[in-house]
$ cat coords27.cif   # mmCIF, C-alpha atoms
data_work
#
loop_
_atom_site.group_PDB
_atom_site.id
_atom_site.type_symbol
_atom_site.label_atom_id
_atom_site.label_comp_id
_atom_site.auth_asym_id
_atom_site.auth_seq_id
_atom_site.Cartn_x
_atom_site.Cartn_y
_atom_site.Cartn_z
ATOM 1 C CA MET A 1 0.000 0.000 0.000
ATOM 2 C CA ILE A 2 2.828 2.405 0.895
ATOM 3 C CA TYR A 3 4.502 1.616 -2.424
ATOM 4 C CA LEU A 4 1.283 2.427 -4.312
ATOM 5 C CA ILE A 5 0.814 5.711 -2.438
ATOM 6 C CA ARG A 6 4.434 6.653 -3.032
ATOM 7 C CA THR A 7 4.082 5.853 -6.729
ATOM 8 C CA LEU A 8 0.929 7.934 -7.113
ATOM 9 C CA ILE A 9 2.337 10.921 -5.235
ATOM 10 C CA GLY A 10 5.566 10.687 -7.190
ATOM 11 C CA ALA A 11 3.696 10.547 -10.508
ATOM 12 C CA TYR A 12 1.693 13.601 -9.471
ATOM 13 C CA GLY A 13 4.867 15.472 -8.493
ATOM 14 C CA LEU A 14 6.636 14.677 -11.761
ATOM 15 C CA GLY A 15 3.539 15.647 -13.736
ATOM 16 C CA VAL A 16 3.328 18.991 -11.949
ATOM 17 C CA LEU A 17 7.031 19.608 -12.588
ATOM 18 C CA GLY A 18 6.359 18.983 -16.271
ATOM 19 C CA VAL A 19 3.515 21.483 -16.316
ATOM 20 C CA LEU A 20 5.466 24.173 -14.460
ATOM 21 C CA GLY A 21 8.452 23.622 -16.708
ATOM 22 C CA GLY A 22 6.264 23.703 -19.795
ATOM 23 C CA ARG A 23 4.860 27.071 -18.761
ATOM 24 C CA ILE A 24 8.382 28.491 -18.750
ATOM 25 C CA VAL A 25 9.912 26.748 -21.748
ATOM 26 C CA ILE A 26 6.988 26.300 -24.141
ATOM 27 C CA GLY A 27 4.176 28.580 -23.014
ATOM 28 C CA GLU A 28 0.681 28.567 -24.431
ATOM 29 C CA THR A 29 1.828 27.884 -27.966
ATOM 30 C CA TRP A 30 0.911 24.342 -26.913
ATOM 31 C CA THR A 31 -2.786 23.994 -26.164
ATOM 32 C CA VAL A 32 -2.068 21.522 -23.383
ATOM 33 C CA ILE A 33 -0.112 24.208 -21.504
ATOM 34 C CA ALA A 34 -2.944 26.705 -22.009
ATOM 35 C CA PHE A 35 -5.351 24.099 -20.635
ATOM 36 C CA PHE A 36 -3.290 23.470 -17.504
ATOM 37 C CA ASN A 37 -2.808 27.217 -16.997
ATOM 38 C CA ALA A 38 -6.587 27.522 -16.896
ATOM 39 C CA ILE A 39 -6.882 24.982 -14.060
ATOM 40 C CA LEU A 40 -3.424 25.299 -12.523
ATOM 41 C CA ASP A 41 -4.558 26.269 -9.023
ATOM 42 C CA LEU A 42 -6.693 23.138 -8.798
ATOM 43 C CA VAL A 43 -3.749 21.077 -10.031
ATOM 44 C CA LEU A 44 -1.368 22.492 -7.422
ATOM 45 C CA PHE A 45 -3.545 22.596 -4.315
ATOM 46 C CA PRO A 46 -3.301 18.814 -3.639
ATOM 47 C CA SER A 47 0.411 19.294 -2.943
ATOM 48 C CA LEU A 48 -0.532 20.980 0.339
ATOM 49 C CA VAL A 49 -1.960 17.663 1.520
ATOM 50 C CA LEU A 50 0.467 15.343 -0.224
ATOM 51 C CA LEU A 51 3.590 16.932 1.290
ATOM 52 C CA PRO A 52 2.723 16.094 4.929
ATOM 53 C CA LEU A 53 1.479 12.673 3.788
ATOM 54 C CA ALA A 54 4.826 11.942 2.108
ATOM 55 C CA LEU A 55 6.689 13.125 5.213
ATOM 56 C CA LEU A 56 4.495 10.938 7.416
ATOM 57 C CA LEU A 57 5.385 7.958 5.245
ATOM 58 C CA ARG A 58 9.060 9.000 5.381
ATOM 59 C CA GLN A 59 9.254 9.354 1.619
ATOM 60 C CA ARG A 60 11.734 12.201 1.437
ATOM 61 C CA PHE A 61 12.307 12.182 -2.306
ATOM 62 C CA VAL A 62 8.579 12.177 -3.005
ATOM 63 C CA ALA A 63 8.145 14.964 -0.450
ATOM 64 C CA THR A 64 10.786 16.987 -2.281
ATOM 65 C CA LEU A 65 8.693 16.781 -5.455
ATOM 66 C CA MET A 66 5.917 18.622 -3.608
ATOM 67 C CA LEU A 67 8.072 21.688 -2.973
ATOM 68 C CA PRO A 68 7.849 23.324 -6.452
ATOM 69 C CA PRO A 69 4.019 23.432 -6.530
ATOM 70 C CA ILE A 70 3.887 24.636 -2.924
ATOM 71 C CA LEU A 71 6.448 27.352 -3.588
ATOM 72 C CA ALA A 72 4.457 28.418 -6.650
ATOM 73 C CA LEU A 73 1.267 28.685 -4.573
ATOM 74 C CA VAL A 74 3.061 30.632 -1.851
ATOM 75 C CA GLY A 75 4.513 33.052 -4.375
ATOM 76 C CA TRP A 76 1.143 33.646 -6.010
ATOM 77 C CA TYR A 77 -1.094 33.804 -2.962
ATOM 78 C CA ALA A 78 0.958 34.885 0.041
ATOM 79 C CA PRO A 79 0.561 38.601 -0.823
ATOM 80 C CA LEU A 80 -3.224 38.112 -0.995
ATOM 81 C CA LEU A 81 -3.436 36.594 2.483
ATOM 82 C CA VAL A 82 -2.809 40.046 3.929
ATOM 83 C CA VAL A 83 -5.902 42.221 4.139
ATOM 84 C CA SER A 84 -5.263 45.079 1.761
ATOM 85 C CA GLY A 85 -6.980 48.233 0.593
ATOM 86 C CA SER A 86 -6.063 51.829 0.080
ATOM 87 C CA VAL A 87 -6.599 54.450 2.752
ATOM 88 C CA GLN A 88 -9.339 56.818 1.694
ATOM 89 C CA SER A 89 -8.915 60.518 2.273
ATOM 90 C CA ALA A 90 -11.749 63.021 2.409
ATOM 91 C CA GLU A 91 -10.931 63.932 -1.181
ATOM 92 C CA ASP A 92 -11.142 60.273 -2.216
ATOM 93 C CA ALA A 93 -14.547 59.946 -0.593
ATOM 94 C CA ALA A 94 -15.841 62.873 -2.619
ATOM 95 C CA SER A 95 -14.483 61.682 -5.970
ATOM 96 C CA ARG A 96 -14.669 57.901 -5.751
ATOM 97 C CA LEU A 97 -16.737 55.756 -8.084
ATOM 98 C CA SER A 98 -18.193 52.362 -7.203
ATOM 99 C CA LEU A 99 -18.797 49.731 -9.860
ATOM 100 C CA VAL A 100 -20.068 46.156 -9.861
ATOM 101 C CA SER A 101 -19.483 43.595 -12.602
ATOM 102 C CA TYR A 102 -21.878 40.664 -12.650
ATOM 103 C CA ASN A 103 -22.419 37.793 -15.070
ATOM 104 C CA VAL A 104 -26.029 36.985 -14.262
ATOM 105 C CA ASN A 105 -26.020 33.686 -16.212
ATOM 106 C CA GLY A 106 -28.301 33.735 -19.227
ATOM 107 C CA HIS A 107 -30.130 30.627 -17.976
ATOM 108 C CA ASN A 108 -30.895 32.145 -14.564
ATOM 109 C CA ASP A 109 -34.585 33.015 -14.271
ATOM 110 C CA ASP A 110 -34.544 34.153 -10.626
ATOM 111 C CA PHE A 111 -34.837 37.817 -11.574
ATOM 112 C CA GLU A 112 -35.713 39.069 -8.109
ATOM 113 C CA ALA A 113 -32.643 37.390 -6.633
ATOM 114 C CA ILE A 114 -30.503 39.224 -9.211
ATOM 115 C CA ALA A 115 -32.199 42.527 -8.397
ATOM 116 C CA THR A 116 -31.630 41.884 -4.676
ATOM 117 C CA VAL A 117 -27.907 41.366 -5.287
ATOM 118 C CA LEU A 118 -27.676 44.655 -7.164
ATOM 119 C CA ARG A 119 -29.579 46.539 -4.471
ATOM 120 C CA GLU A 120 -27.208 45.156 -1.842
ATOM 121 C CA MET A 121 -24.142 46.077 -3.897
ATOM 122 C CA ASN A 122 -25.487 49.613 -4.303
ATOM 123 C CA ALA A 123 -22.868 50.554 -6.897
ATOM 124 C CA ASP A 124 -22.809 53.750 -8.936
ATOM 125 C CA VAL A 125 -22.302 51.769 -12.132
ATOM 126 C CA VAL A 126 -23.596 48.244 -12.849
ATOM 127 C CA VAL A 127 -21.977 46.190 -15.607
ATOM 128 C CA LEU A 128 -23.895 43.051 -16.614
ATOM 129 C CA GLN A 129 -23.046 40.102 -18.840
ATOM 130 C CA GLU A 130 -25.420 37.489 -20.337
ATOM 131 C CA LEU A 131 -28.348 39.893 -20.110
ATOM 132 C CA GLY A 132 -31.558 38.652 -21.718
ATOM 133 C CA PRO A 133 -34.526 40.837 -22.751
ATOM 134 C CA ALA A 134 -36.851 39.574 -19.987
ATOM 135 C CA LEU A 135 -34.307 40.304 -17.257
ATOM 136 C CA ALA A 136 -33.527 43.707 -18.766
ATOM 137 C CA ASP A 137 -37.192 44.684 -18.571
ATOM 138 C CA TYR A 138 -37.438 43.372 -15.012
ATOM 139 C CA LEU A 139 -34.404 45.292 -13.803
ATOM 140 C CA LEU A 140 -35.592 48.537 -15.340
ATOM 141 C CA ALA A 141 -38.867 48.155 -13.449
ATOM 142 C CA ALA A 142 -37.249 46.945 -10.207
ATOM 143 C CA ILE A 143 -34.203 49.220 -9.843
ATOM 144 C CA GLY A 144 -34.455 51.601 -12.790
ATOM 145 C CA ASP A 145 -35.306 54.571 -10.557
ATOM 146 C CA ASP A 146 -31.877 54.205 -8.912
ATOM 147 C CA TYR A 147 -30.150 54.155 -12.300
ATOM 148 C CA PRO A 148 -31.555 56.885 -14.553
ATOM 149 C CA PHE A 149 -28.939 56.233 -17.248
ATOM 150 C CA ASN A 150 -28.720 52.866 -18.946
ATOM 151 C CA THR A 151 -27.814 51.110 -22.161
ATOM 152 C CA LEU A 152 -29.001 47.513 -22.329
ATOM 153 C CA GLN A 153 -27.947 45.611 -25.432
ATOM 154 C CA VAL A 154 -30.009 42.426 -25.285
ATOM 155 C CA ASN A 155 -30.157 39.651 -27.845
ATOM 156 C CA VAL A 156 -33.383 37.782 -28.477
ATOM 157 C CA ARG A 157 -31.488 34.805 -29.919
ATOM 158 C CA HIS A 158 -29.741 33.972 -26.646
ATOM 159 C CA ALA A 159 -29.062 35.867 -23.440
ATOM 160 C CA ILE A 160 -25.399 34.867 -23.529
ATOM 161 C CA TYR A 161 -24.880 37.505 -26.231
ATOM 162 C CA GLY A 162 -26.466 40.324 -24.245
ATOM 163 C CA GLU A 163 -24.857 42.937 -22.014
ATOM 164 C CA GLY A 164 -25.867 46.114 -20.252
ATOM 165 C CA VAL A 165 -24.756 49.055 -18.164
ATOM 166 C CA LEU A 166 -26.869 50.826 -15.535
ATOM 167 C CA SER A 167 -25.483 54.069 -14.164
ATOM 168 C CA ARG A 168 -26.205 56.895 -11.745
ATOM 169 C CA HIS A 169 -23.880 59.036 -13.840
ATOM 170 C CA GLU A 170 -24.678 60.221 -17.335
ATOM 171 C CA ILE A 171 -23.755 57.842 -20.153
ATOM 172 C CA VAL A 172 -22.354 60.102 -22.871
ATOM 173 C CA GLU A 173 -21.584 57.439 -25.478
ATOM 174 C CA SER A 174 -22.304 53.759 -25.961
ATOM 175 C CA SER A 175 -21.145 51.244 -28.531
ATOM 176 C CA THR A 176 -21.010 47.450 -28.831
ATOM 177 C CA TRP A 177 -19.114 44.833 -30.743
ATOM 178 C CA MET A 178 -19.542 41.099 -31.119
ATOM 179 C CA GLY A 179 -16.657 39.103 -29.770
ATOM 180 C CA GLU A 180 -15.790 35.465 -30.318
ATOM 181 C CA LEU A 181 -18.455 34.337 -27.828
ATOM 182 C CA GLY A 182 -20.799 37.150 -26.900
ATOM 183 C CA GLY A 183 -21.478 40.848 -26.843
ATOM 184 C CA ASN A 184 -19.037 43.420 -25.538
ATOM 185 C CA GLN A 185 -19.730 47.035 -24.741
ATOM 186 C CA ARG A 186 -17.985 50.360 -24.329
ATOM 187 C CA VAL A 187 -19.601 53.284 -22.550
ATOM 188 C CA LEU A 188 -18.286 56.754 -21.853
ATOM 189 C CA ILE A 189 -19.525 57.972 -18.462
ATOM 190 C CA GLN A 190 -19.523 61.512 -17.158
ATOM 191 C CA VAL A 191 -18.133 61.545 -13.619
ATOM 192 C CA GLY A 192 -18.084 65.037 -12.150
ATOM 193 C CA ASP A 193 -16.191 67.316 -14.491
ATOM 194 C CA GLY A 194 -14.507 64.461 -16.335
ATOM 195 C CA GLN A 195 -15.194 61.228 -18.149
ATOM 196 C CA VAL A 196 -14.155 57.606 -17.868
ATOM 197 C CA ALA A 197 -14.410 54.814 -20.448
ATOM 198 C CA VAL A 198 -15.930 51.596 -19.104
ATOM 199 C CA TYR A 199 -15.577 48.388 -21.099
ATOM 200 C CA ASN A 200 -18.095 45.630 -20.401
ATOM 201 C CA ILE A 201 -16.359 42.403 -21.420
ATOM 202 C CA HIS A 202 -17.502 38.855 -22.040
ATOM 203 C CA ALA A 203 -14.497 37.063 -23.516
ATOM 204 C CA ALA A 204 -14.630 33.694 -25.226
ATOM 205 C CA TYR A 205 -14.905 30.549 -23.137
ATOM 206 C CA PRO A 206 -11.794 28.613 -24.217
ATOM 207 C CA PHE A 207 -13.193 25.107 -23.672
ATOM 208 C CA VAL A 208 -15.570 25.330 -26.650
ATOM 209 C CA VAL A 209 -15.202 25.758 -30.412
ATOM 210 C CA GLY A 210 -12.370 28.151 -31.153
ATOM 211 C CA GLY A 211 -10.448 27.193 -28.037
ATOM 212 C CA PHE A 212 -7.828 29.387 -26.491
ATOM 213 C CA ASP A 213 -7.161 31.164 -29.781
ATOM 214 C CA SER A 214 -10.663 32.659 -29.664
ATOM 215 C CA ARG A 215 -10.053 34.133 -26.214
ATOM 216 C CA ARG A 216 -6.652 35.381 -27.339
ATOM 217 C CA ARG A 217 -8.310 37.246 -30.214
ATOM 218 C CA ASP A 218 -10.862 38.770 -27.826
ATOM 219 C CA VAL A 219 -8.118 40.042 -25.519
ATOM 220 C CA SER A 220 -6.228 41.471 -28.500
ATOM 221 C CA THR A 221 -9.334 43.380 -29.582
ATOM 222 C CA ILE A 222 -9.905 44.721 -26.077
ATOM 223 C CA LEU A 223 -6.336 45.925 -25.742
ATOM 224 C CA GLU A 224 -6.385 47.523 -29.181
ATOM 225 C CA LEU A 225 -9.612 49.424 -28.545
ATOM 226 C CA ALA A 226 -8.680 50.544 -25.044
ATOM 227 C CA ALA A 227 -5.248 51.738 -26.180
ATOM 228 C CA ALA A 228 -6.934 54.424 -28.291
ATOM 229 C CA GLU A 229 -8.695 56.000 -25.296
ATOM 230 C CA THR A 230 -7.719 59.495 -24.155
ATOM 231 C CA VAL A 231 -9.646 59.183 -20.884
ATOM 232 C CA PRO A 232 -9.129 56.811 -17.929
ATOM 233 C CA VAL A 233 -10.182 53.227 -18.643
ATOM 234 C CA ILE A 234 -11.969 50.527 -16.643
ATOM 235 C CA LEU A 235 -12.131 46.991 -18.049
ATOM 236 C CA ALA A 236 -14.766 44.914 -16.256
ATOM 237 C CA GLY A 237 -16.482 41.626 -16.874
ATOM 238 C CA ASP A 238 -16.197 37.908 -17.399
ATOM 239 C CA PHE A 239 -12.806 37.404 -19.050
ATOM 240 C CA ASN A 240 -12.941 33.591 -18.900
ATOM 241 C CA LEU A 241 -9.294 33.365 -17.885
ATOM 242 C CA THR A 242 -7.354 32.742 -14.693
ATOM 243 C CA PRO A 243 -4.359 34.673 -13.352
ATOM 244 C CA ARG A 244 -2.070 31.882 -14.617
ATOM 245 C CA SER A 245 -3.025 32.500 -18.254
ATOM 246 C CA GLU A 246 -0.813 34.337 -20.709
ATOM 247 C CA ASP A 247 -3.800 36.480 -21.706
ATOM 248 C CA TYR A 248 -3.942 37.664 -18.090
ATOM 249 C CA ASP A 249 -0.276 38.640 -18.315
ATOM 250 C CA ARG A 250 -1.048 40.649 -21.444
ATOM 251 C CA LEU A 251 -3.778 42.555 -19.621
ATOM 252 C CA VAL A 252 -1.755 43.345 -16.489
ATOM 253 C CA SER A 253 1.177 44.538 -18.573
ATOM 254 C CA THR A 254 -0.938 47.658 -19.171
ATOM 255 C CA TYR A 255 -3.728 47.611 -16.568
ATOM 256 C CA VAL A 256 -3.974 47.048 -12.818
ATOM 257 C CA ASP A 257 -5.895 44.013 -11.588
ATOM 258 C CA VAL A 258 -7.872 45.554 -8.724
ATOM 259 C CA HIS A 259 -8.017 42.323 -6.738
ATOM 260 C CA ALA A 260 -4.266 41.858 -6.971
ATOM 261 C CA ALA A 261 -3.757 45.498 -5.943
ATOM 262 C CA VAL A 262 -6.122 45.888 -2.983
ATOM 263 C CA GLY A 263 -7.904 42.559 -2.529
ATOM 264 C CA SER A 264 -7.297 39.668 -0.174
ATOM 265 C CA GLY A 265 -7.858 35.938 -0.318
ATOM 266 C CA LEU A 266 -8.405 33.799 -3.395
ATOM 267 C CA GLY A 267 -11.089 36.047 -4.856
ATOM 268 C CA TYR A 268 -12.703 33.141 -6.703
ATOM 269 C CA THR A 269 -15.789 34.161 -8.684
ATOM 270 C CA PHE A 270 -16.906 31.105 -10.671
ATOM 271 C CA THR A 271 -18.774 28.112 -9.237
ATOM 272 C CA PRO A 272 -19.101 25.170 -11.660
ATOM 273 C CA ARG A 273 -22.273 23.137 -11.573
ATOM 274 C CA PHE A 274 -20.509 20.183 -9.953
ATOM 275 C CA SER A 275 -19.066 22.237 -7.080
ATOM 276 C CA PRO A 276 -20.677 23.774 -3.983
ATOM 277 C CA ILE A 277 -17.926 26.411 -3.764
ATOM 278 C CA PRO A 278 -16.191 28.756 -6.226
ATOM 279 C CA LEU A 279 -13.164 27.178 -7.907
ATOM 280 C CA ALA A 280 -11.708 29.887 -10.143
ATOM 281 C CA ARG A 281 -11.252 33.627 -10.539
ATOM 282 C CA ILE A 282 -12.390 34.561 -14.032
ATOM 283 C CA ASP A 283 -14.321 37.799 -13.390
ATOM 284 C CA TYR A 284 -12.134 40.903 -13.139
ATOM 285 C CA ILE A 285 -11.995 44.643 -12.923
ATOM 286 C CA PHE A 286 -8.877 46.263 -14.360
ATOM 287 C CA VAL A 287 -8.048 49.977 -14.297
ATOM 288 C CA ASP A 288 -5.359 52.027 -15.965
ATOM 289 C CA GLU A 289 -2.652 54.008 -14.191
ATOM 290 C CA ARG A 290 -4.763 57.167 -14.033
ATOM 291 C CA LEU A 291 -7.184 55.478 -11.613
ATOM 292 C CA THR A 292 -6.491 54.286 -8.073
ATOM 293 C CA PRO A 293 -8.303 51.210 -6.723
ATOM 294 C CA LEU A 294 -9.498 51.613 -3.148
ATOM 295 C CA ARG A 295 -11.494 48.496 -2.284
ATOM 296 C CA ILE A 296 -12.770 45.285 -3.833
ATOM 297 C CA ARG A 297 -15.003 42.502 -2.638
ATOM 298 C CA VAL A 298 -16.561 39.429 -4.167
ATOM 299 C CA GLY A 299 -20.228 39.094 -3.306
ATOM 300 C CA SER A 300 -21.227 36.009 -1.346
ATOM 301 C CA ASP A 301 -24.754 36.065 -2.796
ATOM 302 C CA THR A 302 -24.684 34.963 -6.449
ATOM 303 C CA GLY A 303 -28.401 35.536 -7.028
ATOM 304 C CA GLY A 304 -28.710 32.125 -8.665
ATOM 305 C CA SER A 305 -25.846 32.691 -11.094
ATOM 306 C CA ASP A 306 -22.712 30.580 -11.415
ATOM 307 C CA HIS A 307 -20.715 33.814 -11.137
ATOM 308 C CA SER A 308 -20.275 36.012 -8.095
ATOM 309 C CA PRO A 309 -20.610 39.781 -8.483
ATOM 310 C CA VAL A 310 -17.402 41.776 -8.117
ATOM 311 C CA TRP A 311 -17.659 45.227 -6.487
ATOM 312 C CA VAL A 312 -14.963 47.907 -6.447
ATOM 313 C CA THR A 313 -14.462 51.510 -5.498
ATOM 314 C CA ILE A 314 -11.900 53.575 -7.339
ATOM 315 C CA THR A 315 -10.747 57.155 -7.476
ATOM 316 C CA GLY A 316 -8.439 59.194 -9.654
ATOM 317 C CA GLU A 317 -8.348 61.701 -12.432
ATOM 318 C CA SER A 318 -10.997 61.819 -15.115
ATOM 319 C CA GLU A 319 -10.738 63.796 -18.313
#
$ encode --input "coords27.cif" --output "structure tokens"
Amino acid sequence: MIYLIRTLIGAYGLGVLGVLGGRIVIGETWTVIAFFNAILDLVLFPSLVLLPLALLLRQRFVATLMLPPILALVGWYAPLLVVSGSVQSAEDAASRLSLVSYNVNGHNDDFEAIATVLREMNADVVVLQELGPALADYLLAAIGDDYPFNTLQVNVRHAIYGEGVLSRHEIVESSTWMGELGGNQRVLIQVGDGQVAVYNIHAAYPFVVGGFDSRRRDVSTILELAAAETVPVILAGDFNLTPRSEDYDRLVSTYVDVHAAVGSGLGYTFTPRFSPIPLARIDYIFVDERLTPLRIRVGSDTGGSDHSPVWVTITGESE
């Protein structure tokens, strides 16, 4: 029995070493590396249990194989175990903007639960993905008085292609484009004397037709469009990628991941059907260097969706 356990743990350790090495040497030019990047946290977490088990069985070599995945986890998550957040001055309080991004799940018909989540979040700007026409009508009736400015781009063919923005601040411009999977949206919002561009993103799900290349094309389009902005930029939505993905690295080379900057904990936002708890962080809010993130939190109430809402407050210059 000990031999079998040692063999299984050793095979796991060697496999993980192969994946970690592949990330460095090969990268996502190989689809298999892109796949493991998408689920890498789940692949590495067992090492936290297998290391003490190997030590208990006095299998030192096997225990040594557990060190690389554990060191990777520590490097990625140790900074997020410290409660973070920027200190807000009186000036910040006067100029800050709150925003919530929420993939409501196009199959979710519990409209009141969704409205309850949004009331509780009480954000200045609401960014929604997978918005169907029936839910759009319901939200306008239920919380429309709190959000006098809105642009809801629904799709009667399927809710997965719909998106919408509700705002307490004036929406000056609005445009949409069809990505590899669903609708995406850009709105220009008047905040005080200035403006900010908010992108509502629903990037391609890489485990369907088109694969990781489809998501890569979506991210390229986002970066190209946002690079042309002359005002501060917020990118919010369901990006369908994890922080281990190369597409994530492309985004944070220009923009600040608010959770990484001021958040704490895992920040997981997606709960698969087979799981009672969230298993991945795929919903994000990024800001450019002209904006300062103050706080972020992931809502515990999903309103019947498989995604948790993500709420932030930010401050900074607007033009």
$ residues_near_point --input "coords27.cif" --point "(-3.7, 41.8, -24.9)" --cutoff "10 Å" --atoms "all atoms listed in the file" --output "ChimeraX atom specification"
/A:216-224,246-254
$ residues_around --input "coords27.cif" --residues "range 228-240 of chain A" --least-positions-apart "2" --cutoff "6 Å" --atoms "only C-alpha atoms" --output "PyMOL selection string"
chain A and resi 101+196-203+205+225-226+282-288+290+319
$ write_last_selection --input "coords27.cif" --atoms "C-alpha atoms" --output "PDB file, in the coordinates of the input"
ATOM      1  CA  SER A 101     -19.483  43.595 -12.602  1.00  0.00           C
ATOM      2  CA  VAL A 196     -14.155  57.606 -17.868  1.00  0.00           C
ATOM      3  CA  ALA A 197     -14.410  54.814 -20.448  1.00  0.00           C
ATOM      4  CA  VAL A 198     -15.930  51.596 -19.104  1.00  0.00           C
ATOM      5  CA  TYR A 199     -15.577  48.388 -21.099  1.00  0.00           C
ATOM      6  CA  ASN A 200     -18.095  45.630 -20.401  1.00  0.00           C
ATOM      7  CA  ILE A 201     -16.359  42.403 -21.420  1.00  0.00           C
ATOM      8  CA  HIS A 202     -17.502  38.855 -22.040  1.00  0.00           C
ATOM      9  CA  ALA A 203     -14.497  37.063 -23.516  1.00  0.00           C
ATOM     10  CA  TYR A 205     -14.905  30.549 -23.137  1.00  0.00           C
ATOM     11  CA  LEU A 225      -9.612  49.424 -28.545  1.00  0.00           C
ATOM     12  CA  ALA A 226      -8.680  50.544 -25.044  1.00  0.00           C
ATOM     13  CA  ILE A 282     -12.390  34.561 -14.032  1.00  0.00           C
ATOM     14  CA  ASP A 283     -14.321  37.799 -13.390  1.00  0.00           C
ATOM     15  CA  TYR A 284     -12.134  40.903 -13.139  1.00  0.00           C
ATOM     16  CA  ILE A 285     -11.995  44.643 -12.923  1.00  0.00           C
ATOM     17  CA  PHE A 286      -8.877  46.263 -14.360  1.00  0.00           C
ATOM     18  CA  VAL A 287      -8.048  49.977 -14.297  1.00  0.00           C
ATOM     19  CA  ASP A 288      -5.359  52.027 -15.965  1.00  0.00           C
ATOM     20  CA  ARG A 290      -4.763  57.167 -14.033  1.00  0.00           C
ATOM     21  CA  GLU A 319     -10.738  63.796 -18.313  1.00  0.00           C
TER      22      GLU A 319
END
$ closest_atom_pairs --input "coords27.cif" --of "range 212-314 of chain A" --to "range 67-84 of chain A" --cutoff "6 Å" --atoms "all atoms listed in the file" --output "CSV"
residue,atom,partner,partner_atom,distance
A:Val262,CA,A:Ser84,CA,4.9
A:Gly263,CA,A:Ser84,CA,5.6
A:Ser264,CA,A:Leu80,CA,4.4
A:Gly265,CA,A:Leu80,CA,5.2
$ resolve_selection --input "coords27.cif" --expression "the PyMOL selection byres ((chain A and resi 148-157) around 7)" --output "list in words"
Leu131, Gly132, Pro133, Ala136, Gly144, Asp145, Asp146, Tyr147, His158, Ala159, Tyr161, Gly162, Glu163, Gly164, Val165, Leu166, Ser167, Arg168, His169, Glu170 and Ile171 of chain A
$ closest_residue --input "coords27.cif" --among "A:Ala141, A:Val127, A:Ala34, A:Val19" --to "Val187 in chain A" --atoms "all atoms listed in the file"
A:Val127
$ residues_around --input "coords27.cif" --residues "range 299-301 of chain A" --least-positions-apart "5" --cutoff "8 Å" --atoms "all atoms listed in the file" --output "CSV table (one decimal) with C-alpha atoms, in the frame of the given file"
chain,number,residue,atom,x,y,z
A,117,VAL,CA,-27.9,41.4,-5.3
A,308,SER,CA,-20.3,36.0,-8.1
A,309,PRO,CA,-20.6,39.8,-8.5
A,310,VAL,CA,-17.4,41.8,-8.1
A,311,TRP,CA,-17.7,45.2,-6.5
$ atom_distance --input "coords27.cif" --atom1 "CA of Ala280 in chain A" --atom2 "CA of Leu294 in chain A"
22.9 Å
$ atom_distance --input "coords27.cif" --atom1 "CA of Asn37 in chain A" --atom2 "CA of Leu20 in chain A"
9.2 Å
$ atom_distance --input "coords27.cif" --atom1 "CA of Ile314 in chain A" --atom2 "CA of Asp137 in chain A"
29.1 Å
$ closest_residue --input "coords27.cif" --among "A:Phe35, A:Phe270, A:Phe61, A:Trp30" --to "Arg6 in chain A" --atoms "all atoms listed in the file"
A:Phe61
$ axis_aligned_box --input "coords27.cif" --around "range 37-54 of chain A" --padding-each-side "5 Å" --output "lines of an AutoDock Vina configuration file"
center_x = -1.0
center_y = 19.7
center_z = -6.0
size_x = 21.7
size_y = 25.6
size_z = 31.9
$ resolve_selection --input "coords27.cif" --expression "the PyMOL selection byres ((chain A and resi 123) around 7)" --output "number ranges by chain"
A: 98-100, 121-122, 124-126
$ closest_residue --input "coords27.cif" --among "A:Glu28, A:Glu173, A:Asp257, A:Asp306" --to "Pro278 in chain A" --atoms "only C-alpha atoms"
A:Asp306
